[in-house]
>>> print(open('entry_18.txt').read())   # compact mmCIF, C-alpha atoms
# COMPACT_ATOMS: atom_id res chain seq x y z
CA MET A 1 -14.51 4.86 -22.66
CA ILE A 2 -15.69 3.61 -19.27
CA LYS A 3 -18.56 5.68 -17.92
CA MET A 4 -18.04 6.56 -14.29
CA ARG A 5 -20.54 7.79 -11.75
CA PRO A 6 -19.59 9.50 -8.52
CA SER A 7 -19.62 7.01 -5.63
CA LYS A 8 -22.43 7.56 -3.16
CA LEU A 9 -21.15 9.03 0.08
CA SER A 10 -21.20 6.08 2.43
CA LEU A 11 -21.81 6.23 6.15
CA VAL A 12 -18.18 5.29 6.66
CA SER A 13 -17.07 8.24 4.52
CA VAL A 14 -19.17 10.64 6.57
CA ILE A 15 -17.83 9.31 9.85
CA LEU A 16 -14.24 9.40 8.64
CA SER A 17 -14.62 12.94 7.33
CA VAL A 18 -15.88 14.16 10.70
CA LEU A 19 -13.40 12.25 12.84
CA LEU A 20 -10.42 13.24 10.74
CA PHE A 21 -11.39 16.85 10.08
CA SER A 22 -8.97 18.23 12.63
CA GLN A 23 -6.13 16.13 11.24
CA CYS A 24 -6.90 17.39 7.73
CA VAL A 25 -6.72 20.98 8.88
CA LEU A 26 -3.46 20.45 10.72
CA SER A 27 -1.84 18.85 7.70
CA GLN A 28 -3.42 21.37 5.29
CA LEU A 29 -5.03 18.57 3.32
CA GLN A 30 -8.71 18.75 2.56
CA VAL A 31 -11.42 16.71 0.92
CA GLY A 32 -12.43 18.42 -2.34
CA PHE A 33 -9.11 20.24 -2.64
CA TYR A 34 -9.42 20.37 -6.45
CA LYS A 35 -13.10 21.31 -6.65
CA ASP A 36 -12.30 24.74 -8.14
CA THR A 37 -9.14 23.91 -10.08
CA CYS A 38 -9.63 20.40 -11.50
CA ARG A 39 -13.09 19.06 -10.80
CA LEU A 40 -12.62 15.90 -12.85
CA VAL A 41 -9.44 14.73 -11.13
CA GLU A 42 -10.96 11.87 -9.13
CA PHE A 43 -13.08 10.71 -12.06
CA ILE A 44 -10.06 10.60 -14.35
CA VAL A 45 -7.87 8.75 -11.86
CA LYS A 46 -10.62 6.26 -11.10
CA GLU A 47 -11.24 5.62 -14.77
CA GLU A 48 -7.58 4.76 -15.33
CA VAL A 49 -7.51 2.54 -12.24
CA VAL A 50 -10.66 0.68 -13.28
CA LYS A 51 -9.37 0.11 -16.83
CA ALA A 52 -6.07 -1.22 -15.51
CA ILE A 53 -7.58 -3.56 -12.91
CA ILE A 54 -10.07 -4.97 -15.40
CA LYS A 55 -7.06 -6.10 -17.44
CA ASP A 56 -5.00 -7.21 -14.43
CA ARG A 57 -6.75 -7.78 -11.10
CA GLY A 58 -3.42 -7.93 -9.31
CA LEU A 59 -2.89 -4.23 -9.89
CA ALA A 60 -5.37 -3.40 -7.13
CA ALA A 61 -2.98 -4.79 -4.54
CA ALA A 62 0.00 -3.23 -6.32
CA LEU A 63 -1.45 0.29 -6.21
CA MET A 64 -2.38 -0.06 -2.54
CA ARG A 65 1.14 -1.21 -1.78
CA MET A 66 2.61 1.65 -3.82
CA HIS A 67 0.87 4.19 -1.55
CA PHE A 68 2.18 2.40 1.54
CA HIS A 69 5.74 2.27 0.24
CA ASP A 70 5.56 5.92 -0.79
CA CYS A 71 4.23 7.24 2.52
CA PHE A 72 6.55 5.27 4.79
CA VAL A 73 9.65 6.72 3.11
CA ARG A 74 9.90 10.53 3.21
CA GLY A 75 6.13 10.81 3.60
CA CYS A 76 3.43 10.80 0.92
CA ASP A 77 5.36 12.83 -1.65
CA ALA A 78 5.43 10.52 -4.71
CA SER A 79 9.15 9.85 -4.19
CA ILE A 80 8.36 6.22 -5.07
CA LEU A 81 7.62 7.31 -8.66
CA LEU A 82 10.91 9.05 -9.42
CA ASP A 83 13.32 7.25 -11.74
CA SER A 84 16.94 6.66 -10.82
CA THR A 85 19.56 8.98 -12.27
CA PRO A 86 23.21 8.36 -13.15
CA SER A 87 24.19 9.78 -9.77
CA SER A 88 21.45 8.33 -7.56
CA ILE A 89 19.49 5.09 -7.15
CA ALA A 90 15.83 5.87 -6.49
CA GLU A 91 13.43 4.12 -4.11
CA LYS A 92 11.69 2.23 -6.92
CA ASP A 93 14.97 0.46 -7.76
CA SER A 94 15.69 -0.65 -4.20
CA PHE A 95 15.63 -4.33 -3.22
CA ALA A 96 12.26 -3.77 -1.50
CA ASN A 97 10.55 -2.43 -4.62
CA ASN A 98 12.27 -3.91 -7.66
CA PRO A 99 10.97 -6.08 -9.23
CA SER A 100 7.99 -6.55 -6.91
CA LEU A 101 6.36 -3.10 -7.02
CA ARG A 102 4.36 -2.32 -10.15
CA GLY A 103 1.52 -0.19 -11.48
CA TYR A 104 3.58 2.88 -12.35
CA GLU A 105 1.99 3.05 -15.80
CA VAL A 106 -1.45 3.54 -14.23
CA ILE A 107 -0.21 6.68 -12.48
CA ASP A 108 1.54 7.82 -15.68
CA ASN A 109 -1.66 7.46 -17.69
CA ALA A 110 -3.74 9.39 -15.18
CA LYS A 111 -1.13 12.14 -14.94
CA ALA A 112 -0.91 12.50 -18.73
CA ARG A 113 -4.67 12.98 -19.00
CA LEU A 114 -4.74 15.44 -16.11
CA GLU A 115 -1.97 17.52 -17.66
CA VAL A 116 -4.21 17.97 -20.70
CA VAL A 117 -7.25 19.23 -18.76
CA CYS A 118 -5.58 20.73 -15.66
CA LYS A 119 -1.99 21.48 -16.56
CA GLY A 120 0.35 21.87 -13.60
CA VAL A 121 -2.42 21.51 -11.01
CA VAL A 122 -2.63 17.93 -9.68
CA SER A 123 0.31 16.42 -7.84
CA CYS A 124 1.56 12.92 -8.45
CA ALA A 125 1.34 12.31 -4.70
CA ASP A 126 -2.40 12.96 -4.75
CA ILE A 127 -2.84 10.72 -7.78
CA VAL A 128 -1.18 7.86 -5.87
CA ALA A 129 -3.51 8.46 -2.90
CA PHE A 130 -6.63 8.55 -5.10
CA ALA A 131 -5.51 5.44 -6.99
CA ALA A 132 -4.97 3.51 -3.75
CA ARG A 133 -8.49 4.35 -2.56
CA ASP A 134 -9.99 3.36 -5.92
CA SER A 135 -8.04 0.10 -5.87
CA ILE A 136 -9.41 -0.75 -2.44
CA GLU A 137 -12.93 -0.20 -3.73
CA MET A 138 -12.24 -2.34 -6.80
CA ALA A 139 -10.93 -5.10 -4.53
CA GLY A 140 -14.10 -5.10 -2.46
CA GLY A 141 -13.03 -2.79 0.36
CA LEU A 142 -14.83 0.28 1.66
CA GLY A 143 -14.42 3.58 -0.14
CA TYR A 144 -13.44 6.73 1.72
CA ASP A 145 -12.92 10.42 1.07
CA VAL A 146 -9.30 11.31 0.30
CA PRO A 147 -8.04 14.59 1.74
CA ALA A 148 -5.82 16.14 -0.96
CA GLY A 149 -3.38 18.97 -1.45
CA ARG A 150 -0.11 17.04 -1.29
CA ARG A 151 2.88 18.35 -3.19
CA ASP A 152 5.59 16.27 -4.87
CA GLY A 153 9.03 15.77 -3.37
CA ARG A 154 12.28 16.27 -5.24
CA THR A 155 14.33 13.48 -3.69
CA SER A 156 14.18 9.68 -3.88
CA LEU A 157 16.92 7.53 -2.38
CA ALA A 158 17.00 3.74 -2.26
CA SER A 159 19.24 4.00 0.81
CA GLU A 160 16.33 5.41 2.82
CA ILE A 161 14.31 2.21 2.48
CA ILE A 162 16.16 0.56 5.37
CA GLY A 163 14.70 1.76 8.65
CA ASN A 164 11.49 3.00 7.05
CA LEU A 165 9.88 0.00 5.34
CA PRO A 166 9.33 -3.09 7.52
CA PRO A 167 11.09 -6.15 6.05
CA PRO A 168 9.32 -9.53 5.99
CA THR A 169 11.70 -10.89 8.64
CA PHE A 170 10.66 -8.48 11.42
CA ASN A 171 9.18 -9.78 14.67
CA VAL A 172 6.19 -8.23 16.41
CA ASP A 173 8.25 -5.93 18.64
CA GLN A 174 10.22 -4.60 15.67
CA LEU A 175 7.05 -4.07 13.66
CA THR A 176 5.33 -2.31 16.54
CA GLN A 177 8.26 0.05 17.00
CA MET A 178 8.57 0.88 13.30
CA PHE A 179 4.86 1.67 13.00
CA ALA A 180 5.00 3.67 16.24
CA ASN A 181 7.78 5.73 14.70
CA LYS A 182 5.28 6.67 11.97
CA GLY A 183 2.57 7.53 14.49
CA PHE A 184 0.53 4.32 14.37
CA THR A 185 -0.79 2.27 17.26
CA GLN A 186 -0.21 -1.46 17.41
CA GLU A 187 -3.84 -2.07 16.44
CA GLU A 188 -3.43 0.17 13.38
CA MET A 189 -0.29 -1.77 12.49
CA VAL A 190 -2.23 -5.05 12.52
CA THR A 191 -5.07 -3.41 10.57
CA LEU A 192 -2.80 -2.06 7.83
CA SER A 193 -1.00 -5.39 7.53
CA GLY A 194 -4.21 -7.00 6.32
CA GLY A 195 -4.41 -4.73 3.30
CA HIS A 196 -0.79 -4.29 2.35
CA THR A 197 -0.05 -8.00 2.13
CA LEU A 198 -2.49 -8.50 -0.72
CA GLY A 199 -1.01 -9.47 -4.06
CA ARG A 200 2.01 -11.64 -4.81
CA SER A 201 5.55 -12.15 -3.60
CA HIS A 202 8.84 -13.38 -5.02
CA CYS A 203 10.27 -16.54 -3.49
CA SER A 204 13.30 -14.82 -2.01
CA SER A 205 11.08 -12.81 0.36
CA PHE A 206 10.03 -15.86 2.39
CA SER A 207 12.59 -18.57 1.56
CA ASP A 208 14.03 -18.22 5.08
CA ARG A 209 10.85 -19.85 6.47
CA LEU A 210 11.15 -22.83 4.13
CA TYR A 211 14.84 -23.69 4.04
CA ASN A 212 16.89 -21.84 6.63
CA PHE A 213 14.76 -20.85 9.58
CA SER A 214 16.85 -18.99 12.19
CA GLY A 215 20.04 -20.46 10.70
CA THR A 216 18.99 -24.07 11.37
CA LEU A 217 18.65 -25.11 7.72
CA LYS A 218 15.19 -26.37 8.68
CA GLN A 219 11.64 -25.34 7.90
CA ASP A 220 9.85 -23.01 10.30
CA ALA A 221 7.90 -25.43 12.51
CA SER A 222 5.06 -22.91 12.88
CA LEU A 223 4.27 -23.09 9.15
CA ASP A 224 1.40 -25.39 8.15
CA PRO A 225 3.11 -28.48 6.62
CA THR A 226 0.70 -28.77 3.68
CA TYR A 227 1.09 -25.09 2.88
CA ALA A 228 4.87 -25.34 3.21
CA ALA A 229 5.00 -28.30 0.83
CA LYS A 230 3.00 -26.34 -1.75
CA LEU A 231 5.34 -23.36 -1.41
CA LYS A 232 8.38 -25.59 -1.86
CA GLN A 233 6.94 -26.92 -5.11
CA GLN A 234 6.48 -23.37 -6.37
CA CYS A 235 9.78 -22.09 -4.98
CA PRO A 236 12.52 -24.75 -5.05
CA GLN A 237 15.50 -24.10 -2.80
CA GLY A 238 17.94 -21.68 -4.38
CA SER A 239 15.42 -20.46 -6.95
CA THR A 240 16.32 -16.98 -8.22
CA ASP A 241 13.85 -16.76 -11.09
CA PRO A 242 12.33 -13.25 -10.81
CA ASN A 243 9.28 -14.39 -12.77
CA VAL A 244 8.19 -16.90 -10.13
CA VAL A 245 5.71 -15.38 -7.68
CA VAL A 246 3.15 -16.76 -5.25
CA PRO A 247 0.00 -15.21 -3.73
CA MET A 248 0.62 -13.55 -0.36
CA THR A 249 -2.82 -14.63 0.90
CA SER A 250 -5.52 -17.12 -0.05
CA THR A 251 -7.50 -14.19 -1.53
CA PRO A 252 -4.73 -12.13 -3.16
CA SER A 253 -7.00 -9.84 -5.21
CA ILE A 254 -9.68 -9.20 -2.59
CA ALA A 255 -9.57 -6.72 0.29
CA ASP A 256 -11.04 -9.02 2.92
CA ALA A 257 -10.16 -10.75 6.18
CA GLY A 258 -8.49 -13.68 4.41
CA TYR A 259 -5.07 -12.53 5.62
CA TYR A 260 -6.08 -12.99 9.27
CA ILE A 261 -7.78 -16.32 8.60
CA ASP A 262 -4.57 -17.53 6.94
CA ILE A 263 -2.47 -16.45 9.92
CA LEU A 264 -4.73 -18.29 12.36
CA ALA A 265 -4.29 -21.41 10.18
CA ASN A 266 -0.47 -21.00 10.27
CA ARG A 267 -0.42 -20.02 6.62
CA GLY A 268 1.21 -16.62 7.05
CA LEU A 269 3.70 -16.30 4.21
CA PHE A 270 6.26 -14.14 6.00
CA THR A 271 7.84 -14.17 9.43
CA SER A 272 6.27 -10.73 9.88
CA ASP A 273 2.84 -12.37 9.38
CA HIS A 274 3.17 -15.29 11.78
CA THR A 275 4.77 -13.10 14.44
CA LEU A 276 1.41 -11.43 15.02
CA LEU A 277 0.38 -14.60 16.87
CA THR A 278 3.33 -14.41 19.28
CA SER A 279 1.92 -11.46 21.25
CA PRO A 280 -1.39 -11.79 23.13
CA ALA A 281 -2.48 -8.29 22.07
CA THR A 282 -1.80 -8.72 18.35
CA ALA A 283 -3.09 -12.31 18.38
CA ASN A 284 -6.40 -11.05 19.77
CA GLN A 285 -6.54 -8.39 17.05
CA VAL A 286 -5.88 -11.00 14.36
CA ALA A 287 -8.71 -13.15 15.72
CA GLU A 288 -11.06 -10.18 15.97
CA ASN A 289 -10.37 -9.09 12.38
CA ALA A 290 -10.88 -12.63 11.12
CA LYS A 291 -14.22 -12.79 12.94
CA ASN A 292 -15.46 -9.32 11.94
CA PRO A 293 -14.42 -8.58 8.32
CA ILE A 294 -16.74 -5.57 7.93
CA GLN A 295 -15.30 -3.98 11.04
CA TRP A 296 -11.79 -4.60 9.71
CA LYS A 297 -12.70 -2.92 6.40
CA ALA A 298 -13.86 0.19 8.25
CA LYS A 299 -10.70 0.25 10.38
CA PHE A 300 -8.56 -0.24 7.29
CA ALA A 301 -10.21 2.69 5.52
CA ALA A 302 -9.59 4.92 8.54
CA ALA A 303 -5.96 3.78 8.78
CA MET A 304 -5.42 4.50 5.08
CA VAL A 305 -6.69 8.06 5.49
CA LYS A 306 -4.29 8.52 8.40
CA MET A 307 -1.39 6.98 6.49
CA GLY A 308 -2.07 9.30 3.55
CA GLN A 309 -1.20 12.29 5.75
CA LEU A 310 2.28 11.11 6.77
CA ASP A 311 4.85 13.92 6.47
CA VAL A 312 3.09 15.51 3.49
CA LEU A 313 4.42 18.53 1.62
CA THR A 314 1.84 21.31 1.26
CA GLY A 315 1.56 24.97 0.32
CA SER A 316 4.76 26.14 -1.33
CA GLU A 317 6.75 23.06 -0.31
CA GLY A 318 7.94 20.67 -2.99
CA GLU A 319 6.53 21.01 -6.50
CA ILE A 320 3.87 19.78 -8.92
CA ARG A 321 5.66 17.52 -11.39
CA ALA A 322 4.69 17.53 -15.05
CA ASN A 323 6.01 13.97 -15.38
CA CYS A 324 5.73 11.82 -12.26
CA ARG A 325 9.02 10.07 -13.04
CA VAL A 326 11.26 13.16 -13.01
CA ILE A 327 11.57 16.34 -11.00
CA LYS A 328 11.25 19.72 -12.62
CA SER A 329 14.57 20.98 -13.98
>>> encode(input="entry_18.txt", output="structure tokens")
Amino acid sequence: MIKMRPSKLSLVSVILSVLLFSQCVLSQLQVGFYKDTCRLVEFIVKEEVVKAIIKDRGLAAALMRMHFHDCFVRGCDASILLDSTPSSIAEKDSFANNPSLRGYEVIDNAKARLEVVCKGVVSCADIVAFAARDSIEMAGGLGYDVPAGRRDGRTSLASEIIGNLPPPTFNVDQLTQMFANKGFTQEEMVTLSGGHTLGRSHCSSFSDRLYNFSGTLKQDASLDPTYAAKLKQQCPQGSTDPNVVVPMTSTPSIADAGYYIDILANRGLFTSDHTLLTSPATANQVAENAKNPIQWKAKFAAAMVKMGQLDVLTGSEGEIRANCRVIKS
């Protein structure tokens, strides 16, 4: 058993709590939501996250990405966790999430333990939010207080991925508009990009930059030649092996400014990475984040708190699932 101690309340946590208090009230989420009904919830979730990441460091990035993919489709309602049924293909089985998204077993383990000590109390959506925060801390990012009180949704449709999750081929204008649709500024979009591109990617997600850029059958000229040659060795043209993956940044398991440093060196893996250099505003933000990693970490923590309040279900809306993979009958 891993012994856990409560994290000391950092200055960043205090500032975020004050600045976001009004948002928490409006969305009916609150820090310490389970203090009277399930006091051990954050300890239990963190313990499961720590155990999992000790065994597989890549799960830190996976759990962060899970929260992002959950919140951008239908809001933060744990729809990403629902299994497909004979009549419906769920989000987790969409082309954007399968086979790349993982870490579901970490949420399952936390939920199973919570059902023993606090049956029917803690939502799967809140577990995902807590796990993302704990993963960021494990990866070297700044911790933050997580407003809770989300309820679980009852619908998950793979068809809703399109138009809600930004694909790796988007340009800066398309990215800006999609994030604006979710209530984020362009600066917040650049900030979030630095955290949600941690981890690994399958070759098919960026092969367009290596072999068929803009229909020319040529390599993207903006890609660093040495980096491109390395990628081609790892991902031969036409490769469809789902087991072949490459790191999305030079520091794939660490929440740092490496993403921005890579972009400035023309080593952005996706079109949606390099495109941040094509706009003066976003290019300046990339350079600023690369130069001030601590500042970026603080901005990322604030953006994660904001993202965690997207279109949440609260009060009597939705449900509290007993099993995060299925809705109540």
>>> atom_distance(input="entry_18.txt", atom1="atom CA of Asp273 of chain A", atom2="atom CA of Ser193 of chain A")
8.2 Å
>>> closest_residue(input="entry_18.txt", among="A:Leu269, A:Ala180, A:Val117, A:Ala96", to="Pro167 of chain A", atoms="only C-alpha atoms")
A:Ala96
>>> residues_around(input="entry_18.txt", residues="segment 234-245 of chain A", least_positions_apart="2", cutoff="12 Å", atoms="all atoms listed in the file", output="PDB file with C-alpha atoms, in the frame of the given file")
ATOM      1  CA  GLY A  58      -3.420  -7.930  -9.310  1.00  0.00           C
ATOM      2  CA  ASN A  98      12.270  -3.910  -7.660  1.00  0.00           C
ATOM      3  CA  PRO A  99      10.970  -6.080  -9.230  1.00  0.00           C
ATOM      4  CA  SER A 100       7.990  -6.550  -6.910  1.00  0.00           C
ATOM      5  CA  GLY A 199      -1.010  -9.470  -4.060  1.00  0.00           C
ATOM      6  CA  ARG A 200       2.010 -11.640  -4.810  1.00  0.00           C
ATOM      7  CA  SER A 201       5.550 -12.150  -3.600  1.00  0.00           C
ATOM      8  CA  HIS A 202       8.840 -13.380  -5.020  1.00  0.00           C
ATOM      9  CA  CYS A 203      10.270 -16.540  -3.490  1.00  0.00           C
ATOM     10  CA  SER A 204      13.300 -14.820  -2.010  1.00  0.00           C
ATOM     11  CA  SER A 205      11.080 -12.810   0.360  1.00  0.00           C
ATOM     12  CA  PHE A 206      10.030 -15.860   2.390  1.00  0.00           C
ATOM     13  CA  SER A 207      12.590 -18.570   1.560  1.00  0.00           C
ATOM     14  CA  ASP A 208      14.030 -18.220   5.080  1.00  0.00           C
ATOM     15  CA  ARG A 209      10.850 -19.850   6.470  1.00  0.00           C
ATOM     16  CA  LEU A 210      11.150 -22.830   4.130  1.00  0.00           C
ATOM     17  CA  TYR A 211      14.840 -23.690   4.040  1.00  0.00           C
ATOM     18  CA  ASN A 212      16.890 -21.840   6.630  1.00  0.00           C
ATOM     19  CA  LEU A 217      18.650 -25.110   7.720  1.00  0.00           C
ATOM     20  CA  LYS A 218      15.190 -26.370   8.680  1.00  0.00           C
ATOM     21  CA  GLN A 219      11.640 -25.340   7.900  1.00  0.00           C
ATOM     22  CA  TYR A 227       1.090 -25.090   2.880  1.00  0.00           C
ATOM     23  CA  ALA A 228       4.870 -25.340   3.210  1.00  0.00           C
ATOM     24  CA  ALA A 229       5.000 -28.300   0.830  1.00  0.00           C
ATOM     25  CA  LYS A 230       3.000 -26.340  -1.750  1.00  0.00           C
ATOM     26  CA  LEU A 231       5.340 -23.360  -1.410  1.00  0.00           C
ATOM     27  CA  LYS A 232       8.380 -25.590  -1.860  1.00  0.00           C
ATOM     28  CA  PRO A 247       0.000 -15.210  -3.730  1.00  0.00           C
ATOM     29  CA  MET A 248       0.620 -13.550  -0.360  1.00  0.00           C
ATOM     30  CA  PRO A 252      -4.730 -12.130  -3.160  1.00  0.00           C
TER      31      PRO A 252
END
>>> atom_distance(input="entry_18.txt", atom1="atom CA of Gly268 of chain A", atom2="atom CA of Glu187 of chain A")
18.0 Å
>>> closest_residue(input="entry_18.txt", among="A:Ala281, A:Val45, A:Leu157, A:Leu310", to="Val172 of chain A", atoms="all atoms listed in the file")
A:Ala281
>>> residues_around(input="entry_18.txt", residues="segment 55-57 of chain A", least_positions_apart="4", cutoff="9 Å", atoms="all atoms listed in the file", output="PDB file with C-alpha atoms, keeping the file's coordinate frame")
ATOM      1  CA  VAL A  50     -10.660   0.680 -13.280  1.00  0.00           C
ATOM      2  CA  LYS A  51      -9.370   0.110 -16.830  1.00  0.00           C
ATOM      3  CA  ALA A  61      -2.980  -4.790  -4.540  1.00  0.00           C
ATOM      4  CA  MET A 138     -12.240  -2.340  -6.800  1.00  0.00           C
ATOM      5  CA  ALA A 139     -10.930  -5.100  -4.530  1.00  0.00           C
ATOM      6  CA  SER A 253      -7.000  -9.840  -5.210  1.00  0.00           C
TER       7      SER A 253
END
>>> residues_around(input="entry_18.txt", residues="Leu59 of chain A", least_positions_apart="6", cutoff="8 Å", atoms="only C-alpha atoms", output="list in words")
Ala52, Ile53, Arg102, Gly103 and Ser135 of chain A
>>> atom_distance(input="entry_18.txt", atom1="atom CA of Arg325 of chain A", atom2="atom CA of Ser79 of chain A")
8.9 Å
>>> closest_residue(input="entry_18.txt", among="A:Ala301, A:Val73, A:Ile107, A:Cys38", to="Asn181 of chain A", atoms="only C-alpha atoms")
A:Val73
>>> closest_residue(input="entry_18.txt", among="A:Ile261, A:Leu192, A:Ala90, A:Leu277", to="Asp173 of chain A", atoms="all atoms listed in the file")
A:Leu277
>>> closest_residue(input="entry_18.txt", among="A:Glu317, A:Asp152, A:Asp311, A:Glu288", to="Gly120 of chain A", atoms="all atoms listed in the file")
A:Asp152
>>> closest_residue(input="entry_18.txt", among="A:Ser94, A:Phe72, A:Gly153, A:Trp296", to="Met178 of chain A", atoms="all atoms listed in the file")
A:Phe72
>>> residues_around(input="entry_18.txt", residues="Thr176 of chain A", least_positions_apart="4", cutoff="10 Å", atoms="all atoms listed in the file", output="ChimeraX atom specification")
/A:166,170-172,180-181,184-190,282
